[in-house]
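Pasted below: entry34.cif, mmCIF, C-alpha atoms and all ligand atoms.
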```cif
data_query
#
loop_
_atom_site.group_PDB
_atom_site.id
_atom_site.type_symbol
_atom_site.label_atom_id
_atom_site.label_comp_id
_atom_site.auth_asym_id
_atom_site.auth_seq_id
_atom_site.Cartn_x
_atom_site.Cartn_y
_atom_site.Cartn_z
ATOM 1 C CA MET A 607 40.694 3.056 26.676
ATOM 2 C CA ARG A 608 39.231 -0.348 26.011
ATOM 3 C CA ARG A 609 36.371 0.316 28.346
ATOM 4 C CA PHE A 610 35.655 3.642 26.721
ATOM 5 C CA SER A 611 35.418 2.120 23.256
ATOM 6 C CA ALA A 612 33.091 -0.622 24.481
ATOM 7 C CA ARG A 613 30.791 2.023 25.882
ATOM 8 C CA LEU A 614 31.009 3.974 22.678
ATOM 9 C CA TRP A 615 29.992 0.946 20.638
ATOM 10 C CA GLY A 616 27.167 0.272 23.023
ATOM 11 C CA LEU A 617 25.985 3.828 22.611
ATOM 12 C CA LEU A 618 26.270 3.618 18.837
ATOM 13 C CA ALA A 619 24.363 0.341 18.738
ATOM 14 C CA GLY A 620 21.659 1.856 20.902
ATOM 15 C CA LEU A 621 21.459 4.897 18.666
ATOM 16 C CA LEU A 622 21.230 2.749 15.538
ATOM 17 C CA PHE A 623 18.508 0.655 17.098
ATOM 18 C CA ALA A 624 16.542 3.770 18.044
ATOM 19 C CA LEU A 625 16.938 5.130 14.528
ATOM 20 C CA ALA A 626 15.798 1.889 12.952
ATOM 21 C CA LEU A 627 12.806 1.799 15.258
ATOM 22 C CA ALA A 628 11.932 5.391 14.391
ATOM 23 C CA ALA A 629 12.219 4.616 10.671
ATOM 24 C CA CYS A 630 9.938 1.616 11.073
ATOM 25 C CA LEU A 631 7.358 3.650 12.942
ATOM 26 C CA LEU A 632 7.518 6.412 10.349
ATOM 27 C CA LEU A 633 7.033 3.952 7.519
ATOM 28 C CA TRP A 634 4.231 2.190 9.296
ATOM 29 C CA ASN A 635 2.413 5.434 9.957
ATOM 30 C CA ALA A 636 3.158 6.813 6.522
ATOM 31 C CA PRO A 637 0.003 8.511 5.351
ATOM 32 C CA GLY A 638 -1.676 7.314 2.208
ATOM 33 C CA GLY A 639 -1.103 8.979 -1.105
ATOM 34 C CA GLU A 640 -3.560 10.745 -3.300
ATOM 35 C CA TRP A 641 -3.603 8.021 -5.929
ATOM 36 C CA VAL A 642 -4.312 4.346 -5.596
ATOM 37 C CA ALA A 643 -2.941 1.873 -8.121
ATOM 38 C CA VAL A 644 -4.338 -1.575 -8.829
ATOM 39 C CA GLU A 645 -1.615 -3.927 -10.001
ATOM 40 C CA ARG A 646 -1.406 -7.512 -11.174
ATOM 41 C CA ASP A 647 1.987 -9.221 -11.118
ATOM 42 C CA GLY A 648 3.601 -5.817 -10.658
ATOM 43 C CA LYS A 649 1.932 -4.414 -13.773
ATOM 44 C CA GLU A 650 -0.448 -1.565 -13.230
ATOM 45 C CA LEU A 651 -3.979 -2.226 -14.435
ATOM 46 C CA PHE A 652 -5.304 1.206 -13.589
ATOM 47 C CA ARG A 653 -5.121 3.924 -11.005
ATOM 48 C CA PHE A 654 -7.659 6.267 -9.540
ATOM 49 C CA ARG A 655 -8.027 9.015 -7.002
ATOM 50 C CA PRO A 656 -10.390 8.013 -4.177
ATOM 51 C CA ALA A 657 -11.086 11.713 -3.540
ATOM 52 C CA ASP A 658 -12.596 11.967 -7.052
ATOM 53 C CA ILE A 659 -15.159 9.309 -6.350
ATOM 54 C CA GLU A 660 -18.389 10.628 -4.928
ATOM 55 C CA GLY A 661 -20.471 8.540 -2.588
ATOM 56 C CA ALA A 662 -19.889 4.829 -2.542
ATOM 57 C CA GLN A 663 -18.824 2.907 -5.600
ATOM 58 C CA THR A 664 -17.691 -0.595 -6.299
ATOM 59 C CA PHE A 665 -15.995 -2.024 -9.320
ATOM 60 C CA ASP A 666 -14.944 -5.526 -10.253
ATOM 61 C CA VAL A 667 -11.437 -6.456 -11.235
ATOM 62 C CA PRO A 668 -11.677 -9.736 -13.112
ATOM 63 C CA CYS A 669 -8.809 -12.184 -13.329
ATOM 64 C CA ASP A 670 -8.305 -15.738 -14.525
ATOM 65 C CA GLY A 671 -11.368 -17.511 -13.241
ATOM 66 C CA GLY A 672 -12.049 -15.045 -10.497
ATOM 67 C CA TYR A 673 -12.637 -11.485 -9.433
ATOM 68 C CA ASN A 674 -12.012 -8.910 -6.736
ATOM 69 C CA THR A 675 -14.625 -6.294 -5.990
ATOM 70 C CA ILE A 676 -13.032 -3.050 -4.892
ATOM 71 C CA ALA A 677 -15.187 -0.667 -2.891
ATOM 72 C CA VAL A 678 -14.487 3.027 -2.514
ATOM 73 C CA GLU A 679 -16.398 4.940 0.105
ATOM 74 C CA ASN A 680 -15.569 8.290 1.714
ATOM 75 C CA GLY A 681 -12.109 8.135 0.214
ATOM 76 C CA GLU A 682 -11.517 4.717 1.698
ATOM 77 C CA VAL A 683 -10.480 1.848 -0.509
ATOM 78 C CA ARG A 684 -10.997 -1.791 0.345
ATOM 79 C CA VAL A 685 -11.751 -5.141 -1.192
ATOM 80 C CA ALA A 686 -15.429 -5.722 -0.551
ATOM 81 C CA ALA A 687 -15.591 -9.204 -2.015
ATOM 82 C CA ALA A 688 -13.466 -11.734 -3.805
ATOM 83 C CA ASP A 689 -13.668 -15.363 -4.743
ATOM 84 C CA CYS A 690 -10.110 -16.182 -3.722
ATOM 85 C CA PRO A 691 -9.779 -19.117 -1.329
ATOM 86 C CA ASP A 692 -8.062 -17.296 1.543
ATOM 87 C CA GLN A 693 -10.120 -14.048 1.614
ATOM 88 C CA THR A 694 -7.112 -12.245 3.088
ATOM 89 C CA CYS A 695 -7.644 -9.240 0.842
ATOM 90 C CA VAL A 696 -11.206 -8.867 2.138
ATOM 91 C CA LYS A 697 -10.170 -9.291 5.759
ATOM 92 C CA MET A 698 -7.424 -6.684 5.439
ATOM 93 C CA GLY A 699 -10.053 -3.953 5.405
ATOM 94 C CA ALA A 700 -9.373 -0.449 4.189
ATOM 95 C CA LEU A 701 -6.155 0.710 2.610
ATOM 96 C CA ARG A 702 -4.551 3.098 5.087
ATOM 97 C CA SER A 703 -0.821 3.222 4.711
ATOM 98 C CA ARG A 704 1.770 3.185 1.987
ATOM 99 C CA ALA A 705 3.615 0.616 4.029
ATOM 100 C CA LEU A 706 0.767 -1.852 3.916
ATOM 101 C CA PRO A 707 -0.829 -2.501 0.534
ATOM 102 C CA ILE A 708 -3.850 -4.727 0.147
ATOM 103 C CA VAL A 709 -2.641 -7.940 -1.433
ATOM 104 C CA CYS A 710 -4.572 -10.808 -2.912
ATOM 105 C CA LEU A 711 -1.999 -13.537 -3.319
ATOM 106 C CA PRO A 712 -4.208 -16.066 -5.137
ATOM 107 C CA HIS A 713 -5.151 -13.429 -7.728
ATOM 108 C CA HIS A 714 -1.710 -11.754 -7.848
ATOM 109 C CA LEU A 715 -3.459 -8.486 -7.127
ATOM 110 C CA THR A 716 -2.004 -5.539 -5.244
ATOM 111 C CA ILE A 717 -3.809 -2.331 -4.309
ATOM 112 C CA ARG A 718 -1.510 0.374 -3.048
ATOM 113 C CA PHE A 719 -0.952 4.087 -2.733
ATOM 114 C CA VAL A 720 1.265 5.649 -5.376
ATOM 115 C CA ASP A 721 2.581 9.107 -6.126
ATOM 116 C CA GLY A 722 0.286 10.428 -8.824
ATOM 117 C CA ALA A 723 2.130 12.186 -11.608
ATOM 118 C CA GLU A 724 5.645 11.287 -10.547
ATOM 119 C CA ASP A 725 5.658 7.689 -11.688
ATOM 120 C CA GLY A 726 2.817 8.121 -14.131
ATOM 121 C CA GLY A 727 4.970 7.773 -17.259
ATOM 122 C CA LEU A 728 3.095 9.019 -20.314
ATOM 123 C CA ASP A 729 0.353 10.332 -18.123
ATOM 124 C CA ALA A 730 2.786 12.677 -16.423
ATOM 125 C CA VAL A 731 3.969 14.045 -19.771
ATOM 126 C CA ALA A 732 0.420 14.636 -20.959
ATOM 127 C CA ARG A 733 -0.381 16.783 -17.959
HETATM 128 ZN ZN ZN B 801 -7.925 -12.360 -2.062
#
```

Take the structure in the file and write it out as structure tokens.
Ligand SMILES: [Zn+2]
Amino acid sequence: MRRFSARLWGLLAGLLFALALAACLLLWNAPGGEWVAVERDGKELFRFRPADIEGAQTFDVPCDGGYNTIAVENGEVRVAAADCPDQTCVKMGALRSRALPIVCLPHHLTIRFVDGAEDGGLDAVAR
């Protein structure tokens, strides 16, 4: 009996581990959303739909004593330039997954995929 339960627990632990791994993989490979939000300190500055932007466009997001230049090209969003000291946001390249937003720590800036109308607040009502 004791041996059986030990095996059962082992099996359960293995199953849980496999599930957790699968969840991680799913999250990591989560496709991007339609909308991209630009946030500072958790507050949304604006959002846009990369698919709506034709050709290549860049726009500057100013902040206290600095800026981030966001580039959109072929539906891809990335930080093309910034004057932050670590340049991590620039090195991160294009935004690809919901699980991995582009973050500029020195500028408190986050660029991430969001669900368009669902968490759009007033915007959603206006639609
Ligand atoms: Zn940065």

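Candidate residues A:Leu625, A:Ile717, A:Val642, A:Leu711 were compared for distance to Gly681 (chain A), and the nearest is A:Val642, using only C-alpha atoms.
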
**Study point:** Close residues to ligand ZN 801 (chain B) using only C-alpha atoms and all ligand atoms, limit 9 Å, as a VMD selection string
**Key:** chain A and resid 673 to 674 685 687 to 697 708 to 715

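Here the PyMOL selection byres (((chain A and resi 646) around 8) and not hetatm) captures the residues Val644, Glu645, Asp647, Gly648, Lys649, Glu650, Leu651, His713, His714, Leu715 and Thr716 of chain A.
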
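When all atoms listed in the file are used to measure the gap to Arg684 (chain A), the shortest distance among A:Gly699, A:Gly722, A:Pro656, A:Gly672 belongs to A:Gly699.
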
Check your understanding: Interatomic distance between CA of Trp641 (chain A) and CA of Arg704 (chain A)?
Key -> 10.7 Å

Exercise for review: Step by step, work through what the PyMOL selection byres (((chain A and resi 655) around 12) and not hetatm) selects in the shown file, and finish by giving those residues as a ChimeraX atom specification.
Suggested key: /A:638-644,652-654,656-660,678-683,718-723

Mind working out the centre and edge lengths of an axis-aligned box for region 681-692 of chain A, all listed atoms inside, 8 Å added to each side, rounded to one decimal in Å and written as lines of an AutoDock Vina configuration file?
```
center_x = -11.8
center_y = -5.5
center_z = -1.5
size_x = 23.5
size_y = 43.3
size_z = 22.4
```

Revision key, fill the gap. note - CA of Leu614 (chain A) and CA of Ala628 (chain A) are separated by 20.8 Å

Exercise for review: Could you tell me how far CA of Cys669 (chain A) lies from CA of Ser703 (chain A), in Å and to one decimal?
Suggested key: 25.0 Å

Exercise for review: Considering all atoms listed in the file, return as a PyMOL selection string whatever protein or nucleic-acid residues lie within 6 Å of Ala686 (chain A), sequence-local ones (same chain, fewer than 3 positions apart) excluded.
Suggested key: chain A and resi 675-677+696

Keeping only C-alpha atoms, take the residues you just selected and write them out as a compact mmCIF listing (two decimals), in the coordinates of the input.
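Final output, saved to selection.txt:
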```
# COMPACT_ATOMS: atom_id res chain seq x y z
CA THR A 675 -14.62 -6.29 -5.99
CA ILE A 676 -13.03 -3.05 -4.89
CA ALA A 677 -15.19 -0.67 -2.89
CA VAL A 696 -11.21 -8.87 2.14
```

Missing atoms in region 632-663 of chain A: can you complete it with N, CA and C atoms, as a PDB file, keeping the file's coordinate frame?
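Final output, saved to part.pdb:
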```pdb
ATOM      1  N   LEU A 632       7.837   5.406  11.363  1.00  0.00           N
ATOM      2  CA  LEU A 632       7.518   6.412  10.349  1.00  0.00           C
ATOM      3  C   LEU A 632       6.883   5.753   9.138  1.00  0.00           C
ATOM      4  N   LEU A 633       7.498   4.657   8.703  1.00  0.00           N
ATOM      5  CA  LEU A 633       7.033   3.952   7.519  1.00  0.00           C
ATOM      6  C   LEU A 633       5.644   3.381   7.778  1.00  0.00           C
ATOM      7  N   TRP A 634       5.494   2.826   8.950  1.00  0.00           N
ATOM      8  CA  TRP A 634       4.231   2.190   9.296  1.00  0.00           C
ATOM      9  C   TRP A 634       3.099   3.208   9.325  1.00  0.00           C
ATOM     10  N   ASN A 635       3.433   4.398   9.849  1.00  0.00           N
ATOM     11  CA  ASN A 635       2.413   5.434   9.957  1.00  0.00           C
ATOM     12  C   ASN A 635       2.372   6.344   8.739  1.00  0.00           C
ATOM     13  N   ALA A 636       3.126   5.971   7.703  1.00  0.00           N
ATOM     14  CA  ALA A 636       3.158   6.813   6.522  1.00  0.00           C
ATOM     15  C   ALA A 636       1.743   7.031   6.025  1.00  0.00           C
ATOM     16  N   PRO A 637       1.359   8.256   5.815  1.00  0.00           N
ATOM     17  CA  PRO A 637       0.003   8.511   5.351  1.00  0.00           C
ATOM     18  C   PRO A 637      -0.181   8.003   3.933  1.00  0.00           C
ATOM     19  N   GLY A 638      -1.408   7.788   3.553  1.00  0.00           N
ATOM     20  CA  GLY A 638      -1.676   7.314   2.208  1.00  0.00           C
ATOM     21  C   GLY A 638      -1.424   8.402   1.190  1.00  0.00           C
ATOM     22  N   GLY A 639      -1.292   8.004  -0.042  1.00  0.00           N
ATOM     23  CA  GLY A 639      -1.103   8.979  -1.105  1.00  0.00           C
ATOM     24  C   GLY A 639      -2.438   9.395  -1.681  1.00  0.00           C
ATOM     25  N   GLU A 640      -2.352  10.262  -2.662  1.00  0.00           N
ATOM     26  CA  GLU A 640      -3.560  10.745  -3.300  1.00  0.00           C
ATOM     27  C   GLU A 640      -4.125   9.704  -4.258  1.00  0.00           C
ATOM     28  N   TRP A 641      -3.209   8.985  -4.903  1.00  0.00           N
ATOM     29  CA  TRP A 641      -3.603   8.021  -5.929  1.00  0.00           C
ATOM     30  C   TRP A 641      -3.485   6.599  -5.418  1.00  0.00           C
ATOM     31  N   VAL A 642      -4.358   5.758  -5.934  1.00  0.00           N
ATOM     32  CA  VAL A 642      -4.312   4.346  -5.596  1.00  0.00           C
ATOM     33  C   VAL A 642      -4.157   3.567  -6.902  1.00  0.00           C
ATOM     34  N   ALA A 643      -3.187   2.675  -6.928  1.00  0.00           N
ATOM     35  CA  ALA A 643      -2.941   1.873  -8.121  1.00  0.00           C
ATOM     36  C   ALA A 643      -3.373   0.438  -7.861  1.00  0.00           C
ATOM     37  N   VAL A 644      -3.980  -0.164  -8.883  1.00  0.00           N
ATOM     38  CA  VAL A 644      -4.338  -1.575  -8.829  1.00  0.00           C
ATOM     39  C   VAL A 644      -3.391  -2.308  -9.767  1.00  0.00           C
ATOM     40  N   GLU A 645      -2.646  -3.248  -9.218  1.00  0.00           N
ATOM     41  CA  GLU A 645      -1.615  -3.927 -10.001  1.00  0.00           C
ATOM     42  C   GLU A 645      -1.808  -5.434  -9.996  1.00  0.00           C
ATOM     43  N   ARG A 646      -1.447  -6.053 -11.125  1.00  0.00           N
ATOM     44  CA  ARG A 646      -1.406  -7.512 -11.174  1.00  0.00           C
ATOM     45  C   ARG A 646      -0.015  -7.930 -11.614  1.00  0.00           C
ATOM     46  N   ASP A 647       0.618  -8.777 -10.842  1.00  0.00           N
ATOM     47  CA  ASP A 647       1.987  -9.221 -11.118  1.00  0.00           C
ATOM     48  C   ASP A 647       2.926  -8.037 -11.326  1.00  0.00           C
ATOM     49  N   GLY A 648       2.718  -6.977 -10.571  1.00  0.00           N
ATOM     50  CA  GLY A 648       3.601  -5.817 -10.658  1.00  0.00           C
ATOM     51  C   GLY A 648       3.278  -4.891 -11.818  1.00  0.00           C
ATOM     52  N   LYS A 649       2.315  -5.277 -12.656  1.00  0.00           N
ATOM     53  CA  LYS A 649       1.932  -4.414 -13.773  1.00  0.00           C
ATOM     54  C   LYS A 649       0.652  -3.669 -13.426  1.00  0.00           C
ATOM     55  N   GLU A 650       0.698  -2.373 -13.622  1.00  0.00           N
ATOM     56  CA  GLU A 650      -0.448  -1.565 -13.230  1.00  0.00           C
ATOM     57  C   GLU A 650      -1.615  -1.771 -14.181  1.00  0.00           C
ATOM     58  N   LEU A 651      -2.769  -2.079 -13.622  1.00  0.00           N
ATOM     59  CA  LEU A 651      -3.979  -2.226 -14.435  1.00  0.00           C
ATOM     60  C   LEU A 651      -4.626  -0.864 -14.627  1.00  0.00           C
ATOM     61  N   PHE A 652      -4.768  -0.144 -13.524  1.00  0.00           N
ATOM     62  CA  PHE A 652      -5.304   1.206 -13.589  1.00  0.00           C
ATOM     63  C   PHE A 652      -5.037   1.889 -12.262  1.00  0.00           C
ATOM     64  N   ARG A 653      -5.232   3.194 -12.265  1.00  0.00           N
ATOM     65  CA  ARG A 653      -5.121   3.924 -11.005  1.00  0.00           C
ATOM     66  C   ARG A 653      -6.237   4.940 -10.915  1.00  0.00           C
ATOM     67  N   PHE A 654      -6.571   5.315  -9.723  1.00  0.00           N
ATOM     68  CA  PHE A 654      -7.659   6.267  -9.540  1.00  0.00           C
ATOM     69  C   PHE A 654      -7.400   7.081  -8.284  1.00  0.00           C
ATOM     70  N   ARG A 655      -8.145   8.151  -8.163  1.00  0.00           N
ATOM     71  CA  ARG A 655      -8.027   9.015  -7.002  1.00  0.00           C
ATOM     72  C   ARG A 655      -9.288   8.863  -6.161  1.00  0.00           C
ATOM     73  N   PRO A 656      -9.185   8.233  -4.998  1.00  0.00           N
ATOM     74  CA  PRO A 656     -10.390   8.013  -4.177  1.00  0.00           C
ATOM     75  C   PRO A 656     -11.149   9.306  -3.922  1.00  0.00           C
ATOM     76  N   ALA A 657     -10.433  10.433  -3.835  1.00  0.00           N
ATOM     77  CA  ALA A 657     -11.086  11.713  -3.540  1.00  0.00           C
ATOM     78  C   ALA A 657     -12.027  12.127  -4.675  1.00  0.00           C
ATOM     79  N   ASP A 658     -11.764  11.614  -5.898  1.00  0.00           N
ATOM     80  CA  ASP A 658     -12.596  11.967  -7.052  1.00  0.00           C
ATOM     81  C   ASP A 658     -13.916  11.207  -7.078  1.00  0.00           C
ATOM     82  N   ILE A 659     -13.987  10.164  -6.291  1.00  0.00           N
ATOM     83  CA  ILE A 659     -15.159   9.309  -6.350  1.00  0.00           C
ATOM     84  C   ILE A 659     -16.185   9.754  -5.316  1.00  0.00           C
ATOM     85  N   GLU A 660     -17.342  10.130  -5.825  1.00  0.00           N
ATOM     86  CA  GLU A 660     -18.389  10.628  -4.928  1.00  0.00           C
ATOM     87  C   GLU A 660     -19.239   9.479  -4.434  1.00  0.00           C
ATOM     88  N   GLY A 661     -19.628   9.575  -3.170  1.00  0.00           N
ATOM     89  CA  GLY A 661     -20.471   8.540  -2.588  1.00  0.00           C
ATOM     90  C   GLY A 661     -19.730   7.216  -2.526  1.00  0.00           C
ATOM     91  N   ALA A 662     -20.492   6.149  -2.607  1.00  0.00           N
ATOM     92  CA  ALA A 662     -19.889   4.829  -2.542  1.00  0.00           C
ATOM     93  C   ALA A 662     -19.945   4.178  -3.919  1.00  0.00           C
ATOM     94  N   GLN A 663     -18.853   3.587  -4.309  1.00  0.00           N
ATOM     95  CA  GLN A 663     -18.824   2.907  -5.600  1.00  0.00           C
ATOM     96  C   GLN A 663     -18.060   1.613  -5.477  1.00  0.00           C
TER      97      GLN A 663
END
```
